[in-house]
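Trainee: As input, take work_5.cif (mmCIF, C-alpha atoms):
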data_upload
loop_
_atom_site.label_atom_id
_atom_site.label_comp_id
_atom_site.auth_asym_id
_atom_site.auth_seq_id
_atom_site.Cartn_x
_atom_site.Cartn_y
_atom_site.Cartn_z
CA MET A 1 103.67 116.70 113.69
CA HIS A 2 101.16 114.07 112.71
CA GLU A 3 99.22 117.17 111.60
CA TRP A 4 101.79 117.64 108.85
CA ALA A 5 100.84 114.33 107.26
CA LEU A 6 97.15 115.27 107.30
CA ALA A 7 97.86 118.73 105.87
CA GLU A 8 99.83 117.04 103.10
CA ALA A 9 96.84 114.77 102.45
CA THR A 10 94.61 117.84 102.25
CA VAL A 11 96.83 119.61 99.69
CA THR A 12 97.03 116.40 97.62
CA ALA A 13 93.23 115.97 97.69
CA VAL A 14 92.68 119.61 96.66
CA LEU A 15 95.13 119.32 93.75
CA GLU A 16 93.61 116.01 92.66
CA THR A 17 90.10 117.49 92.69
CA ALA A 18 91.17 120.70 90.94
CA GLU A 19 92.79 118.65 88.21
CA LYS A 20 89.69 116.47 87.79
CA GLU A 21 87.50 119.55 87.52
CA GLY A 22 89.93 121.30 85.17
CA LEU A 23 90.45 124.29 87.50
CA GLN A 24 93.23 126.70 86.57
CA GLU A 25 92.93 128.61 89.83
CA ILE A 26 91.69 127.57 93.27
CA VAL A 27 89.86 130.39 95.04
CA GLU A 28 88.37 128.77 98.11
CA VAL A 29 88.52 125.38 99.78
CA GLN A 30 86.32 124.10 102.61
CA ILE A 31 87.86 121.53 104.91
CA LYS A 32 86.06 119.69 107.69
CA ILE A 33 88.20 118.16 110.42
CA GLY A 34 86.69 115.65 112.81
CA GLU A 35 87.10 116.59 116.46
CA LEU A 36 88.18 113.02 117.19
CA GLN A 37 91.41 113.66 115.23
CA GLN A 38 92.27 116.25 117.92
CA ILE A 39 94.32 118.20 115.44
CA ASP A 40 96.43 121.09 116.69
CA ARG A 41 95.10 123.78 114.36
CA GLU A 42 98.18 125.95 114.71
CA ILE A 43 100.44 123.17 113.44
CA PHE A 44 97.94 122.14 110.75
CA ASP A 45 97.59 125.74 109.48
CA PHE A 46 101.37 126.20 109.51
CA ALA A 47 101.87 122.93 107.59
CA LEU A 48 99.26 124.04 105.03
CA SER A 49 101.03 127.37 104.57
CA GLN A 50 104.33 125.56 103.99
CA LEU A 51 102.96 122.86 101.71
CA ARG A 52 100.63 124.84 99.45
CA PRO A 53 101.93 124.95 95.88
CA LEU A 54 101.84 128.00 93.57
CA ILE A 55 98.33 127.25 92.29
CA MET A 56 97.09 127.49 95.89
CA GLU A 57 99.12 130.55 96.87
CA THR A 58 96.05 132.79 97.24
CA THR A 59 93.52 130.07 98.08
CA LYS A 60 91.31 130.84 101.05
CA PHE A 61 91.02 127.87 103.41
CA GLN A 62 87.77 127.63 105.38
CA ILE A 63 88.50 125.05 108.05
CA GLU A 64 85.80 123.80 110.36
CA THR A 65 86.19 121.39 113.25
CA VAL A 66 83.20 119.05 113.36
CA PRO A 67 82.24 118.04 116.92
CA ALA A 68 82.33 114.28 117.45
CA GLU A 69 78.96 112.74 118.26
CA LEU A 70 78.81 109.18 119.56
CA HIS A 71 75.80 106.88 119.60
CA CYS A 72 75.47 103.67 121.58
CA ARG A 73 74.18 100.79 119.47
CA VAL A 74 73.05 98.90 122.55
CA CYS A 75 70.96 101.48 124.47
CA ASN A 76 70.66 104.29 121.86
CA TYR A 77 72.26 106.86 124.16
CA GLN A 78 73.93 109.72 122.31
CA TRP A 79 76.75 111.85 123.69
CA SER A 80 79.52 114.17 122.61
CA PHE A 81 83.22 113.39 122.64
CA THR A 82 84.02 116.75 124.27
CA SER A 83 82.24 115.59 127.41
CA GLU A 84 84.71 112.70 127.83
CA PRO A 85 87.31 113.16 130.55
CA LEU A 86 90.51 111.75 129.04
CA ASP A 87 93.96 111.43 130.49
CA LEU A 88 96.87 112.60 128.35
CA GLU A 89 97.99 109.14 127.24
CA VAL A 90 94.51 108.13 126.04
CA SER A 91 94.02 111.48 124.36
CA GLU A 92 97.34 111.03 122.50
CA ALA A 93 96.40 107.52 121.41
CA ILE A 94 93.05 108.73 120.02
CA HIS A 95 94.84 111.62 118.34
CA PHE A 96 96.98 109.18 116.34
CA VAL A 97 94.31 106.56 115.62
CA PRO A 98 90.86 108.02 116.38
CA GLU A 99 89.16 104.61 116.34
CA VAL A 100 91.05 103.53 119.45
CA ALA A 101 88.29 105.55 121.10
CA HIS A 102 86.67 102.10 121.09
CA THR A 103 89.53 100.86 123.27
CA TYR A 104 89.12 103.48 125.96
CA LEU A 105 85.60 104.93 125.82
CA LYS A 106 82.37 103.29 126.90
CA CYS A 107 78.76 104.40 126.65
CA PRO A 108 78.19 106.61 129.72
CA ASN A 109 74.70 105.14 130.03
CA CYS A 110 75.19 101.37 129.73
CA GLY A 111 78.98 100.88 129.60
CA SER A 112 79.09 99.27 126.16
CA PRO A 113 82.04 99.83 123.80
CA ASP A 114 79.67 99.15 120.88
CA PHE A 115 79.06 102.74 119.84
CA GLU A 116 79.15 104.41 116.47
CA ILE A 117 80.89 107.63 115.60
CA LEU A 118 78.03 109.54 114.00
CA LYS A 119 80.24 112.44 112.94
CA GLY A 120 83.47 114.13 113.81
CA ARG A 121 86.26 111.94 112.46
CA GLY A 122 88.52 112.14 109.43
CA VAL A 123 89.68 115.09 107.36
CA TRP A 124 87.33 115.94 104.54
CA LEU A 125 87.41 118.15 101.48
CA ALA A 126 83.87 119.56 101.57
CA SER A 127 84.04 121.93 98.60
CA ILE A 128 86.38 123.63 96.23
CA LYS A 129 85.77 126.85 94.29
CA GLY A 130 87.92 127.97 91.43
CA GLY A 131 88.14 129.22 87.87
CA LYS A 132 88.66 127.35 84.62
CA MET B 1 82.88 115.05 100.51
CA LEU B 2 86.25 113.53 99.81
CA ASP B 3 88.28 111.82 102.54
CA THR B 4 91.58 113.64 102.04
CA ARG B 5 93.53 110.91 103.84
CA VAL B 6 92.84 108.46 101.01
CA SER B 7 94.45 110.87 98.53
CA ILE B 8 97.89 110.64 100.18
CA ILE B 9 98.11 106.84 100.49
CA ALA B 10 99.71 106.28 97.06
CA GLU B 11 102.35 108.90 97.90
CA ARG B 12 103.08 107.27 101.27
CA LEU B 13 103.71 103.94 99.51
CA SER B 14 105.50 105.44 96.53
CA GLN B 15 108.94 104.32 97.75
CA VAL B 16 107.81 100.81 98.60
CA GLY B 17 108.95 98.28 96.01
CA LYS B 18 106.39 95.57 96.62
CA VAL B 19 103.47 95.15 99.01
CA LEU B 20 102.86 91.56 100.12
CA ALA B 21 99.47 90.93 101.70
CA VAL B 22 99.62 87.73 103.76
CA SER B 23 96.09 86.49 103.84
CA SER B 24 93.76 83.51 104.24
CA GLY B 25 90.10 82.66 104.22
CA LYS B 26 90.38 81.10 107.66
CA GLY B 27 91.80 82.11 111.02
CA GLY B 28 94.34 79.99 112.86
CA VAL B 29 96.25 78.86 109.78
CA GLY B 30 99.44 80.70 110.77
CA LYS B 31 99.13 83.93 108.77
CA SER B 32 100.74 86.12 111.39
CA VAL B 33 103.64 83.77 112.04
CA CYS B 34 104.16 83.35 108.29
CA ALA B 35 103.95 87.14 107.72
CA SER B 36 106.47 87.76 110.51
CA ALA B 37 108.79 84.98 109.31
CA LEU B 38 108.56 86.16 105.72
CA ALA B 39 109.43 89.73 106.75
CA LEU B 40 112.36 88.51 108.89
CA SER B 41 113.62 86.25 106.13
CA LEU B 42 113.50 89.03 103.52
CA SER B 43 115.31 91.33 105.94
CA LYS B 44 117.95 88.65 106.56
CA HIS B 45 118.55 88.55 102.81
CA GLY B 46 119.42 92.24 102.88
CA TYR B 47 116.11 93.71 101.78
CA ARG B 48 114.61 96.77 103.48
CA VAL B 49 111.37 95.51 104.94
CA GLY B 50 108.34 96.93 106.72
CA LEU B 51 105.72 94.89 108.56
CA LEU B 52 102.25 96.31 109.13
CA ASP B 53 99.76 94.39 111.24
CA ILE B 54 96.31 95.22 109.86
CA ASP B 55 94.43 92.67 111.90
CA PHE B 56 93.23 95.55 114.07
CA THR B 57 90.87 93.69 116.39
CA SER B 58 93.18 90.70 116.96
CA PRO B 59 96.74 91.89 116.33
CA SER B 60 99.41 89.33 117.15
CA THR B 61 102.64 90.04 115.27
CA HIS B 62 103.84 92.14 118.24
CA VAL B 63 103.59 88.98 120.37
CA ILE B 64 105.46 86.88 117.80
CA LEU B 65 108.23 89.46 117.51
CA GLY B 66 108.32 90.22 121.23
CA VAL B 67 107.75 93.94 120.65
CA GLU B 68 107.94 95.87 123.91
CA ASP B 69 108.66 99.45 124.91
CA VAL B 70 109.12 100.85 121.42
CA TYR B 71 106.93 103.52 119.86
CA PRO B 72 106.77 105.32 116.54
CA GLU B 73 108.59 108.60 116.20
CA GLU B 74 106.52 111.63 115.21
CA GLU B 75 108.02 113.50 112.29
CA LYS B 76 105.73 114.85 109.57
CA GLY B 77 103.59 111.81 110.31
CA VAL B 78 104.53 108.65 112.12
CA ILE B 79 107.82 106.80 111.59
CA PRO B 80 107.66 103.13 112.57
CA PRO B 81 110.43 101.97 114.92
CA LEU B 82 112.95 99.35 113.83
CA VAL B 83 112.18 95.97 115.40
CA HIS B 84 114.62 93.15 114.57
CA GLY B 85 115.56 95.08 111.42
CA LEU B 86 111.93 95.60 110.34
CA LYS B 87 110.06 98.89 110.24
CA TYR B 88 107.20 97.69 112.37
CA MET B 89 103.74 99.23 112.70
CA SER B 90 100.79 98.05 114.75
CA ILE B 91 97.65 99.47 116.35
CA THR B 92 98.94 98.08 119.65
CA TYR B 93 101.23 101.12 120.03
CA TYR B 94 97.98 102.99 120.71
CA SER B 95 95.59 100.36 122.07
CA GLY B 96 98.05 98.52 124.31
CA ALA B 97 96.82 95.17 125.57
CA TYR B 98 93.19 96.33 125.80
CA PRO B 99 90.46 94.99 123.50
CA THR B 100 89.57 97.26 120.58
CA PRO B 101 86.14 96.16 119.34
CA LEU B 102 85.63 97.64 115.88
CA ARG B 103 82.88 97.36 113.30
CA GLY B 104 83.44 97.60 109.56
CA ILE B 105 83.51 101.37 109.11
CA ASP B 106 85.85 101.75 112.07
CA VAL B 107 88.20 99.08 110.71
CA SER B 108 88.31 100.91 107.35
CA ASN B 109 89.04 104.19 109.09
CA VAL B 110 91.93 102.73 111.08
CA LEU B 111 93.49 101.40 107.89
CA ILE B 112 93.03 104.73 106.10
CA GLU B 113 94.47 106.70 109.02
CA ILE B 114 97.52 104.44 109.42
CA LEU B 115 98.25 104.33 105.69
CA ALA B 116 97.84 108.11 105.47
CA VAL B 117 100.16 109.08 108.31
CA THR B 118 102.84 106.36 108.33
CA GLN B 119 106.09 107.47 106.73
CA TRP B 120 107.65 104.20 105.55
CA GLY B 121 110.36 105.88 103.51
CA SER B 122 112.22 103.64 101.10
CA LEU B 123 111.44 99.93 101.39
CA ASP B 124 111.91 96.90 99.17
CA PHE B 125 108.96 95.12 100.76
CA LEU B 126 106.03 96.02 102.94
CA VAL B 127 104.48 92.88 104.42
CA LEU B 128 100.86 93.16 105.59
CA ASP B 129 99.38 90.75 108.09
CA LEU B 130 95.66 90.60 107.27
CA PRO B 131 92.77 89.28 109.32
CA PRO B 132 91.09 86.15 107.96
CA GLY B 133 88.31 86.21 105.41
CA ILE B 134 87.09 88.46 102.66
CA GLY B 135 85.64 91.23 104.79
CA ASP B 136 86.45 94.90 105.22
CA ILE B 137 90.23 94.75 105.46
CA THR B 138 90.63 92.49 102.44
CA LEU B 139 88.33 94.72 100.40
CA ASP B 140 90.09 97.88 101.64
CA THR B 141 93.52 96.42 100.92
CA ILE B 142 92.39 95.84 97.34
CA ARG B 143 90.77 99.30 97.14
CA LEU B 144 93.49 101.38 98.77
CA ILE B 145 96.78 99.72 97.83
CA ASN B 146 97.49 99.78 94.11
CA GLY B 147 99.46 96.82 92.87
CA VAL B 148 99.16 94.82 96.09
CA ASN B 149 100.25 91.17 95.87
CA PHE B 150 98.45 88.53 97.89
CA LEU B 151 100.25 85.59 99.39
CA ILE B 152 97.76 83.07 100.68
CA ILE B 153 98.23 80.73 103.63
CA THR B 154 96.18 77.60 104.21
CA THR B 155 96.44 74.45 106.28
CA PRO B 156 95.94 70.96 104.77
CA SER B 157 92.34 71.12 106.00
CA LYS B 158 89.55 70.89 103.46
CA ILE B 159 87.61 73.31 105.65
CA ALA B 160 90.40 75.88 105.52
CA PHE B 161 90.83 75.48 101.79
CA GLU B 162 87.13 75.94 101.11
CA THR B 163 87.39 79.45 102.62
CA VAL B 164 90.69 80.04 100.80
CA ARG B 165 88.96 79.13 97.54
CA LYS B 166 86.51 81.99 98.07
CA LEU B 167 89.41 84.38 98.66
CA ILE B 168 91.13 83.13 95.49
CA LEU B 169 87.96 83.52 93.43
CA LEU B 170 87.41 87.05 94.73
CA LEU B 171 91.00 88.10 93.99
CA GLN B 172 91.02 86.48 90.56
CA GLU B 173 87.70 88.05 89.66
CA GLN B 174 89.05 91.46 90.70
CA HIS B 175 92.32 90.86 88.79
CA VAL B 176 94.39 91.23 91.94
CA SER B 177 97.88 89.71 91.92
CA ILE B 178 98.22 86.39 93.79
CA LEU B 179 101.81 85.23 94.24
CA GLY B 180 100.69 81.81 95.32
CA VAL B 181 99.62 79.61 98.20
CA ILE B 182 101.64 78.19 101.10
CA GLU B 183 100.39 75.07 102.87
CA ASN B 184 101.19 75.45 106.55
CA MET B 185 101.11 72.96 109.45
CA LYS B 186 101.43 69.93 107.20
CA MET B 187 101.26 66.70 109.20
CA ARG B 188 100.97 63.94 106.61
CA ASP B 189 101.57 63.35 102.91
CA SER B 190 98.77 64.62 100.73
CA HIS B 191 98.57 66.37 97.39
CA PHE B 192 95.11 67.75 98.04
CA ILE B 193 96.09 71.40 98.54
CA ARG B 194 98.68 71.42 95.74
CA GLU B 195 96.13 69.99 93.32
CA GLN B 196 93.46 72.46 94.37
CA VAL B 197 95.86 75.40 94.04
CA GLU B 198 97.00 74.29 90.59
CA ARG B 199 93.38 73.82 89.55
CA HIS B 200 92.99 77.56 90.12
CA ASN B 201 96.07 78.18 87.91
CA LEU B 202 98.06 79.45 90.88
CA SER B 203 101.57 78.68 92.13
CA PHE B 204 101.85 76.24 95.00
CA LEU B 205 104.73 77.97 96.79
CA GLY B 206 105.55 75.19 99.21
CA GLU B 207 104.58 73.35 102.33
CA ILE B 208 105.65 73.93 105.91
CA ALA B 209 105.63 70.93 108.23
CA PHE B 210 103.94 71.31 111.61
CA ASP B 211 106.72 72.40 113.94
CA SER B 212 106.03 71.62 117.57
CA SER B 213 108.98 73.75 118.66
CA LEU B 214 107.48 76.89 117.16
CA GLU B 215 105.32 77.83 120.16
CA ALA B 216 108.40 78.02 122.38
CA SER B 217 109.92 80.60 120.02
CA ILE B 218 106.97 83.01 120.15
CA GLY B 219 108.27 86.33 121.43
CA ALA B 220 111.90 85.31 120.99
CA VAL B 221 113.03 86.12 117.47
CA ASP B 222 116.49 84.62 117.97
CA LYS B 223 114.79 81.28 118.70
CA LEU B 224 112.28 81.70 115.87
CA LEU B 225 115.15 82.16 113.41
CA GLN B 226 116.50 78.74 114.45
CA THR B 227 113.27 76.80 113.95
CA LYS B 228 112.55 74.31 111.17
CA PHE B 229 109.57 76.50 110.36
CA MET B 230 111.84 79.47 109.66
CA LYS B 231 114.23 77.38 107.58
CA THR B 232 111.31 76.24 105.41
CA VAL B 233 110.16 79.85 104.97
CA ASP B 234 113.73 80.72 103.85
CA GLU B 235 113.61 77.83 101.36
CA ILE B 236 110.22 78.87 100.02
CA LEU B 237 111.60 82.35 99.39
CA SER B 238 114.67 81.08 97.54
CA GLU B 239 112.67 78.55 95.52
CA ASN B 240 110.08 81.14 94.45
CA PRO B 241 111.84 84.15 92.94
CA ALA B 242 108.41 85.51 91.94
CA ILE B 243 107.88 86.56 95.57
CA CYS B 244 110.99 88.75 95.57
CA ASN B 245 110.95 89.98 91.96
CA SER B 246 109.56 93.42 91.43
#
For the structure just supplied, provide its representation as structure tokens.

Mentor:
Amino acid sequence: MHEWALAEATVTAVLETAEKEGLQEIVEVQIKIGELQQIDREIFDFALSQLRPLIMETTKFQIETVPAELHCRVCNYQWSFTSEPLDLEVSEAIHFVPEVAHTYLKCPNCGSPDFEILKGRGVWLASIKGGK
Amino acid sequence: MLDTRVSIIAERLSQVGKVLAVSSGKGGVGKSVCASALALSLSKHGYRVGLLDIDFTSPSTHVILGVEDVYPEEEKGVIPPLVHGLKYMSITYYSGAYPTPLRGIDVSNVLIEILAVTQWGSLDFLVLDLPPGIGDITLDTIRLINGVNFLIITTPSKIAFETVRKLILLLQEQHVSILGVIENMKMRDSHFIREQVERHNLSFLGEIAFDSSLEASIGAVDKLLQTKFMKTVDEILSENPAICNS
């Protein structure tokens, strides 16, 4: 239910942005979720449906999972997180704190833990459409 | 694009009375032991206290407190377990004893994630154990935690204080609250640190004598509570009501 906390963050960010932009109604919201978060979409969607306030009752949520791309700073190799074979415990740890990927993953080419997460982490509000 | 996790941080800390960021310009001055002792002392005085280790690449409060075989509960986020009366949170629940090499952006993301998902509930104090220096975590603590109060640790060393001075100047320039400075590991009479602290118009909160018995109490909180070090921390708290006042 860690997803609940992130859904709550999403609703808060949408409300904050709507208020800043002076929106009276929120028609559509685009959310991008990094694959590294390994969010259970069913739980996240359920939490959103439970947490959305009146102003968001009819809001359409476009939610996209962004694949995680990793890049080795040492040898420049680039690879995708989906290709990583992870045991359950490691997967759970990365689910809670995605950056502990640096604890468990290494560059498949040179073995370095010094890689950057090019994309595919965090939960982002990409756009919001509404009426004033 | 807006990182939605940042938007919920204020709400997550909304029931926390006071956030104390235990910090220093230099490593090895006893920040983590002071942060742990401060949290334990506040708890002993009946306050509801959380301790969050945000030295993500070199966490150590779990060693000081002897934290083993406890994990956060998952309930609409993450609920830190109670350790010696403290709600205790650390990256080590997820990284174990393995090294976690992180660069700046990764460090910032860990802090954002943990602050966004941790359900502290109602606390009088949340004590943060920071890494040394004025890098990412110090800047993110200032950026992400409204109303944070810094409590600075130094040793009697001129070298340590020179780095502390930079921290003080940064915080003062950014109008961030500094509760004062504690001089740790004092081995001989000297007014150098007190004078320097007062020159910056800050409170000199007290001095803690070097305690050779401290090392033997690492990992054993019952022993730690009996040390001279701990007694001095208790005294510093009672002599400086500004630390506890909201």

Trainee: Please provide the set of residues having any atom within 9 Å of Gly27 (chain B), restricted to only C-alpha atoms, with same-chain residues fewer than 3 positions apart removed, written as a list in words.

Mentor: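 Near neighbours after the sequence-gap exclusion: Ser24, Gly30, Lys31, Pro131, Pro132, Gly133 and Ala160 of chain B.
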
Trainee: Dump as a list in words the residues of chain A that approach chain B to within 7 Å, counting only C-alpha atoms.

Mentor: Met1, His2, Trp4, Ala5, Leu6, Ala9, Thr10, Thr12, Ala13, Ala93, Val97, Glu99, Val100, His102, Thr103, Gly122, Val123, Trp124, Leu125 and Ala126 of chain A

Trainee: Which residues, written as a list in words, have at least one atom at most 6 Å from region 108-116 of chain A, with only C-alpha atoms counted and residues fewer than 3 positions away on the same chain left out?

Mentor: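 Selected residues are Leu70, His71, Cys72, Arg73 and His102 of chain A.
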
Trainee: Can you tell me which residues surround Ile33 (chain A) at a distance of at most 9 Å, considering only C-alpha atoms, apart from same-chain residues fewer than 3 positions away, and format the answer as an MDAnalysis selection string?

Mentor: chainID A and resid 36:39 63:67 120:125

Trainee: Between CA of Glu162 (chain B) and CA of Lys228 (chain B), what is the distance, to one decimal in Å?

Mentor: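 A separation of 27.4 Å between them.
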
Trainee: Can you work out the spacing between CA of Arg143 (chain B) and CA of Ile243 (chain B) in Å, to one decimal?

Mentor: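 Computing the Euclidean distance for CA of Arg143 (chain B) and CA of Ile243 (chain B) yields 21.4 Å.
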
Trainee: Please indicate the distance in Å from CA of Phe204 (chain B) to CA of Glu183 (chain B), rounded to one decimal place.

Mentor: 8.1 Å

Trainee: So that I can look at just that part, could you write region 67-97 of chain B with N, CA and C atoms, as a PDB file, in the first residue's frame?

Mentor:
ATOM      1  N   VAL B  67      19.976  -1.647  15.801  1.00  0.00           N
ATOM      2  CA  VAL B  67      18.715  -2.003  15.132  1.00  0.00           C
ATOM      3  C   VAL B  67      18.905  -3.288  14.321  1.00  0.00           C
ATOM      4  N   GLU B  68      18.122  -4.282  14.654  1.00  0.00           N
ATOM      5  CA  GLU B  68      18.204  -5.564  13.936  1.00  0.00           C
ATOM      6  C   GLU B  68      16.814  -6.167  13.824  1.00  0.00           C
ATOM      7  N   ASP B  69      16.562  -6.786  12.693  1.00  0.00           N
ATOM      8  CA  ASP B  69      15.337  -7.569  12.490  1.00  0.00           C
ATOM      9  C   ASP B  69      14.044  -6.797  12.716  1.00  0.00           C
ATOM     10  N   VAL B  70      14.049  -5.508  12.438  1.00  0.00           N
ATOM     11  CA  VAL B  70      12.771  -4.781  12.444  1.00  0.00           C
ATOM     12  C   VAL B  70      12.632  -4.113  11.071  1.00  0.00           C
ATOM     13  N   TYR B  71      11.404  -3.986  10.625  1.00  0.00           N
ATOM     14  CA  TYR B  71      11.148  -3.398   9.314  1.00  0.00           C
ATOM     15  C   TYR B  71       9.901  -2.520   9.400  1.00  0.00           C
ATOM     16  N   PRO B  72       9.818  -1.537   8.510  1.00  0.00           N
ATOM     17  CA  PRO B  72       8.626  -0.697   8.515  1.00  0.00           C
ATOM     18  C   PRO B  72       7.383  -1.509   8.125  1.00  0.00           C
ATOM     19  N   GLU B  73       6.268  -1.050   8.638  1.00  0.00           N
ATOM     20  CA  GLU B  73       4.993  -1.667   8.279  1.00  0.00           C
ATOM     21  C   GLU B  73       4.464  -0.901   7.063  1.00  0.00           C
ATOM     22  N   GLU B  74       3.761  -1.594   6.188  1.00  0.00           N
ATOM     23  CA  GLU B  74       3.224  -0.938   4.998  1.00  0.00           C
ATOM     24  C   GLU B  74       1.743  -0.678   5.196  1.00  0.00           C
ATOM     25  N   GLU B  75       1.394   0.583   5.314  1.00  0.00           N
ATOM     26  CA  GLU B  75      -0.026   0.939   5.496  1.00  0.00           C
ATOM     27  C   GLU B  75      -0.228   2.355   4.970  1.00  0.00           C
ATOM     28  N   LYS B  76      -0.779   2.450   3.785  1.00  0.00           N
ATOM     29  CA  LYS B  76      -0.940   3.745   3.114  1.00  0.00           C
ATOM     30  C   LYS B  76       0.379   4.515   3.089  1.00  0.00           C
ATOM     31  N   GLY B  77       1.449   3.805   2.871  1.00  0.00           N
ATOM     32  CA  GLY B  77       2.790   4.367   2.912  1.00  0.00           C
ATOM     33  C   GLY B  77       3.633   3.438   3.749  1.00  0.00           C
ATOM     34  N   VAL B  78       4.585   4.011   4.448  1.00  0.00           N
ATOM     35  CA  VAL B  78       5.503   3.203   5.248  1.00  0.00           C
ATOM     36  C   VAL B  78       5.487   3.729   6.678  1.00  0.00           C
ATOM     37  N   ILE B  79       5.235   2.857   7.635  1.00  0.00           N
ATOM     38  CA  ILE B  79       5.209   3.280   9.039  1.00  0.00           C
ATOM     39  C   ILE B  79       6.479   2.789   9.721  1.00  0.00           C
ATOM     40  N   PRO B  80       7.312   3.735  10.206  1.00  0.00           N
ATOM     41  CA  PRO B  80       8.577   3.306  10.815  1.00  0.00           C
ATOM     42  C   PRO B  80       8.332   2.493  12.087  1.00  0.00           C
ATOM     43  N   PRO B  81       9.131   1.459  12.309  1.00  0.00           N
ATOM     44  CA  PRO B  81       8.974   0.671  13.538  1.00  0.00           C
ATOM     45  C   PRO B  81       9.472   1.450  14.753  1.00  0.00           C
ATOM     46  N   LEU B  82       9.009   1.041  15.919  1.00  0.00           N
ATOM     47  CA  LEU B  82       9.480   1.663  17.163  1.00  0.00           C
ATOM     48  C   LEU B  82      10.764   0.962  17.598  1.00  0.00           C
ATOM     49  N   VAL B  83      11.815   1.755  17.772  1.00  0.00           N
ATOM     50  CA  VAL B  83      13.112   1.229  18.219  1.00  0.00           C
ATOM     51  C   VAL B  83      13.514   2.025  19.453  1.00  0.00           C
ATOM     52  N   HIS B  84      13.584   1.371  20.591  1.00  0.00           N
ATOM     53  CA  HIS B  84      13.904   2.048  21.861  1.00  0.00           C
ATOM     54  C   HIS B  84      13.017   3.285  22.060  1.00  0.00           C
ATOM     55  N   GLY B  85      11.770   3.168  21.695  1.00  0.00           N
ATOM     56  CA  GLY B  85      10.809   4.267  21.890  1.00  0.00           C
ATOM     57  C   GLY B  85      10.808   5.296  20.775  1.00  0.00           C
ATOM     58  N   LEU B  86      11.704   5.140  19.781  1.00  0.00           N
ATOM     59  CA  LEU B  86      11.773   6.104  18.678  1.00  0.00           C
ATOM     60  C   LEU B  86      11.145   5.506  17.427  1.00  0.00           C
ATOM     61  N   LYS B  87      10.421   6.326  16.670  1.00  0.00           N
ATOM     62  CA  LYS B  87      10.001   5.886  15.338  1.00  0.00           C
ATOM     63  C   LYS B  87      11.235   6.038  14.453  1.00  0.00           C
ATOM     64  N   TYR B  88      11.765   4.930  14.023  1.00  0.00           N
ATOM     65  CA  TYR B  88      13.090   4.948  13.403  1.00  0.00           C
ATOM     66  C   TYR B  88      13.038   4.564  11.929  1.00  0.00           C
ATOM     67  N   MET B  89      13.648   5.416  11.098  1.00  0.00           N
ATOM     68  CA  MET B  89      13.646   5.178   9.649  1.00  0.00           C
ATOM     69  C   MET B  89      15.057   5.302   9.086  1.00  0.00           C
ATOM     70  N   SER B  90      15.401   4.340   8.237  1.00  0.00           N
ATOM     71  CA  SER B  90      16.740   4.335   7.647  1.00  0.00           C
ATOM     72  C   SER B  90      16.702   3.602   6.308  1.00  0.00           C
ATOM     73  N   ILE B  91      17.569   4.003   5.401  1.00  0.00           N
ATOM     74  CA  ILE B  91      17.671   3.325   4.100  1.00  0.00           C
ATOM     75  C   ILE B  91      18.138   1.876   4.284  1.00  0.00           C
ATOM     76  N   THR B  92      18.751   1.584   5.431  1.00  0.00           N
ATOM     77  CA  THR B  92      19.316   0.242   5.629  1.00  0.00           C
ATOM     78  C   THR B  92      18.241  -0.850   5.700  1.00  0.00           C
ATOM     79  N   TYR B  93      16.968  -0.451   5.928  1.00  0.00           N
ATOM     80  CA  TYR B  93      15.897  -1.455   5.847  1.00  0.00           C
ATOM     81  C   TYR B  93      15.867  -2.064   4.447  1.00  0.00           C
ATOM     82  N   TYR B  94      16.313  -1.275   3.456  1.00  0.00           N
ATOM     83  CA  TYR B  94      16.211  -1.692   2.054  1.00  0.00           C
ATOM     84  C   TYR B  94      17.561  -2.042   1.438  1.00  0.00           C
ATOM     85  N   SER B  95      18.625  -1.437   1.960  1.00  0.00           N
ATOM     86  CA  SER B  95      19.946  -1.688   1.364  1.00  0.00           C
ATOM     87  C   SER B  95      20.756  -2.703   2.169  1.00  0.00           C
ATOM     88  N   GLY B  96      20.293  -3.020   3.369  1.00  0.00           N
ATOM     89  CA  GLY B  96      21.013  -3.971   4.216  1.00  0.00           C
ATOM     90  C   GLY B  96      22.412  -3.469   4.525  1.00  0.00           C
ATOM     91  N   ALA B  97      23.364  -4.383   4.544  1.00  0.00           N
ATOM     92  CA  ALA B  97      24.738  -4.003   4.886  1.00  0.00           C
ATOM     93  C   ALA B  97      25.567  -3.743   3.629  1.00  0.00           C
TER      94      ALA B  97
END
